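Visitor: Structure incoming, see below.
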Amino acid sequence: MPKRVHAVVVDKNLCKGCHICISVCPHGVLEKSKEVDNRGFYLPEVVNLDACMACRLCEMHCPDFAIAVDAD
Ligand code: SF4
Ligand code: SF4
């Protein structure tokens with residue numbers, strides 16, 4: 001039974017915009033923001049939540065524990 005994904009949440013305080021999560025996501029769920037934040041970082045954005053398979057690779061590879069997948 002496929003998992004139901006509710007959200008992929010980036011903690012804007014913890015994330016430093018390294019984009020590892022974007023690189024490891026096999027389903028193109030995340031993209032680099034077009035806007036820079038107030039610290040000078042381009043944070044990842046969820047652009048295709050429907051494609052998320054809740055594999056949690058993004059969570060596992062994030063060095064800063066800054067991304068969380070909310071799924072059943
Ligand atoms: S891997 Fe973590 S710190 Fe790097 S951009 Fe993604 S959420 Fe931010
Ligand atoms: S859980 Fe998997 S499919 Fe979903 S955003 Fe993270 S790496 Fe991509």
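Labels used: A, B, ... for chains in the order of the structure tokens, numbers from 1 for residues in each chain, and numbers from 1 for ligands as shown.
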Please identify the residues whose atoms come within 12 Å of ligand 1, using only C-alpha atoms and all ligand atoms, and report them as JSON, numbers by chain.
Guide: {"A": [8, 9, 10, 11, 12, 13, 14, 15, 16, 17, 18, 19, 20, 21, 22, 23, 24, 25, 29, 30, 31, 32, 33, 41, 42, 43, 44, 45, 46, 56, 57, 58, 59, 60, 61, 62, 63, 64, 65, 66, 67, 68, 69]}
Visitor: Would you mind exporting the chosen residues as a PDB file, in the first residue's frame, restricted to C-alpha atoms?
Guide:
```
ATOM      1  CA  VAL A   8       7.664  17.694   3.181  1.00  0.00           C
ATOM      2  CA  VAL A   9       8.710  20.402   5.594  1.00  0.00           C
ATOM      3  CA  VAL A  10      11.969  22.344   5.559  1.00  0.00           C
ATOM      4  CA  ASP A  11      12.972  24.029   8.813  1.00  0.00           C
ATOM      5  CA  LYS A  12      13.957  27.494   7.629  1.00  0.00           C
ATOM      6  CA  ASN A  13      16.095  28.052  10.711  1.00  0.00           C
ATOM      7  CA  LEU A  14      18.116  24.852  10.436  1.00  0.00           C
ATOM      8  CA  CYS A  15      18.489  24.611   6.650  1.00  0.00           C
ATOM      9  CA  LYS A  16      21.664  26.081   5.174  1.00  0.00           C
ATOM     10  CA  GLY A  17      20.766  25.589   1.529  1.00  0.00           C
ATOM     11  CA  CYS A  18      23.295  22.866   0.672  1.00  0.00           C
ATOM     12  CA  HIS A  19      20.786  21.194  -1.692  1.00  0.00           C
ATOM     13  CA  ILE A  20      21.819  17.651  -0.825  1.00  0.00           C
ATOM     14  CA  CYS A  21      18.135  16.855  -0.357  1.00  0.00           C
ATOM     15  CA  ILE A  22      17.414  18.040  -3.904  1.00  0.00           C
ATOM     16  CA  SER A  23      20.250  15.882  -5.261  1.00  0.00           C
ATOM     17  CA  VAL A  24      19.190  12.692  -3.513  1.00  0.00           C
ATOM     18  CA  CYS A  25      15.461  12.921  -4.145  1.00  0.00           C
ATOM     19  CA  VAL A  29       9.930  16.710  -5.432  1.00  0.00           C
ATOM     20  CA  LEU A  30      12.303  19.484  -4.403  1.00  0.00           C
ATOM     21  CA  GLU A  31      13.865  22.413  -6.226  1.00  0.00           C
ATOM     22  CA  LYS A  32      16.098  25.282  -5.261  1.00  0.00           C
ATOM     23  CA  SER A  33      14.115  28.375  -4.371  1.00  0.00           C
ATOM     24  CA  PHE A  41      20.580  30.951   1.343  1.00  0.00           C
ATOM     25  CA  TYR A  42      18.483  29.497  -1.434  1.00  0.00           C
ATOM     26  CA  LEU A  43      16.357  27.034   0.495  1.00  0.00           C
ATOM     27  CA  PRO A  44      14.765  23.985  -1.091  1.00  0.00           C
ATOM     28  CA  GLU A  45      11.105  24.203  -2.033  1.00  0.00           C
ATOM     29  CA  VAL A  46       8.545  21.488  -2.538  1.00  0.00           C
ATOM     30  CA  ARG A  56      12.910   9.636   3.365  1.00  0.00           C
ATOM     31  CA  LEU A  57      16.216   9.834   1.498  1.00  0.00           C
ATOM     32  CA  CYS A  58      16.085  13.599   1.917  1.00  0.00           C
ATOM     33  CA  GLU A  59      15.700  13.227   5.685  1.00  0.00           C
ATOM     34  CA  MET A  60      18.473  10.648   5.929  1.00  0.00           C
ATOM     35  CA  HIS A  61      20.992  12.708   3.949  1.00  0.00           C
ATOM     36  CA  CYS A  62      20.328  16.148   5.371  1.00  0.00           C
ATOM     37  CA  PRO A  63      23.358  16.993   7.525  1.00  0.00           C
ATOM     38  CA  ASP A  64      21.359  19.463   9.591  1.00  0.00           C
ATOM     39  CA  PHE A  65      18.164  17.488  10.314  1.00  0.00           C
ATOM     40  CA  ALA A  66      16.367  20.307   8.568  1.00  0.00           C
ATOM     41  CA  ILE A  67      13.858  18.406   6.436  1.00  0.00           C
ATOM     42  CA  ALA A  68      11.020  16.170   7.572  1.00  0.00           C
ATOM     43  CA  VAL A  69       8.562  14.039   5.660  1.00  0.00           C
TER      44      VAL A  69
END
```
Visitor: Let me make sure I understand: among A:Lys34, A:Val47, A:Asp72, A:Gly28, which one has the smallest atom-to-atom distance to ligand 2 if we use only C-alpha atoms and all ligand atoms?
Guide: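 Using only C-alpha atoms and all ligand atoms, ligand 2 sits closest to A:Gly28.
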Visitor: Choose the residue, out of A:Ala7, A:Ala71, A:Pro26, A:Glu35, that has the smallest atom-to-atom separation from ligand 2; count only C-alpha atoms and all ligand atoms.
Guide: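 Of the candidates, the smallest distance to ligand 2 is held by A:Pro26.
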Visitor: Between atom 8 (Fe, counted along the ligand's line) of ligand 2 and CA of Cys55 in chain A, measure the distance and give it in Å to one decimal.
Guide: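 We find that atom 8 (Fe, counted along the ligand's line) of ligand 2 and CA of Cys55 in chain A lie 6.6 Å from each other.
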Visitor: Pull the strand (DSSP E or B) assignments for chain A out of DSSP run on the backbone, and list those residues as a short mmCIF file (atom, residue, chain, number, x, y, z; two decimals) with C-alpha atoms, in the first residue's frame.
Guide:
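Writing the result to result_10.cif gives the following:
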```
data_model
loop_
_atom_site.label_atom_id
_atom_site.label_comp_id
_atom_site.auth_asym_id
_atom_site.auth_seq_id
_atom_site.Cartn_x
_atom_site.Cartn_y
_atom_site.Cartn_z
CA VAL A 5 2.34 12.01 2.04
CA HIS A 6 0.95 15.08 3.77
CA ALA A 7 3.93 17.40 3.56
CA VAL A 8 7.66 17.69 3.18
CA VAL A 9 8.71 20.40 5.59
CA VAL A 10 11.97 22.34 5.56
CA LEU A 30 12.30 19.48 -4.40
CA GLU A 31 13.86 22.41 -6.23
CA LYS A 32 16.10 25.28 -5.26
CA PRO A 44 14.77 23.98 -1.09
CA GLU A 45 11.11 24.20 -2.03
CA VAL A 46 8.54 21.49 -2.54
CA ILE A 67 13.86 18.41 6.44
CA ALA A 68 11.02 16.17 7.57
CA VAL A 69 8.56 14.04 5.66
CA ASP A 70 5.09 13.88 7.12
CA ALA A 71 3.52 10.66 5.82
#
```
Visitor: Looking at A:His27, A:Asn38, A:Asp50, A:Lys3, which one is nearest to ligand 2, with distances taken over only C-alpha atoms and all ligand atoms?
Guide: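 Smallest separation from ligand 2 among the options: A:His27.
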Visitor: Determine which residues of chain A DSSP labels as helix (DSSP H, G or I) from the backbone of this structure, then write them out as a list of chain:residue names.
Guide: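 Here are the helix (DSSP H, G or I) residues of chain A: A:Ile20, A:Cys21, A:Ile22, A:Ser23, A:Val24, A:Leu49, A:Asp50, A:Ala51, A:Leu57, A:Cys58, A:Glu59, A:Met60, A:His61.
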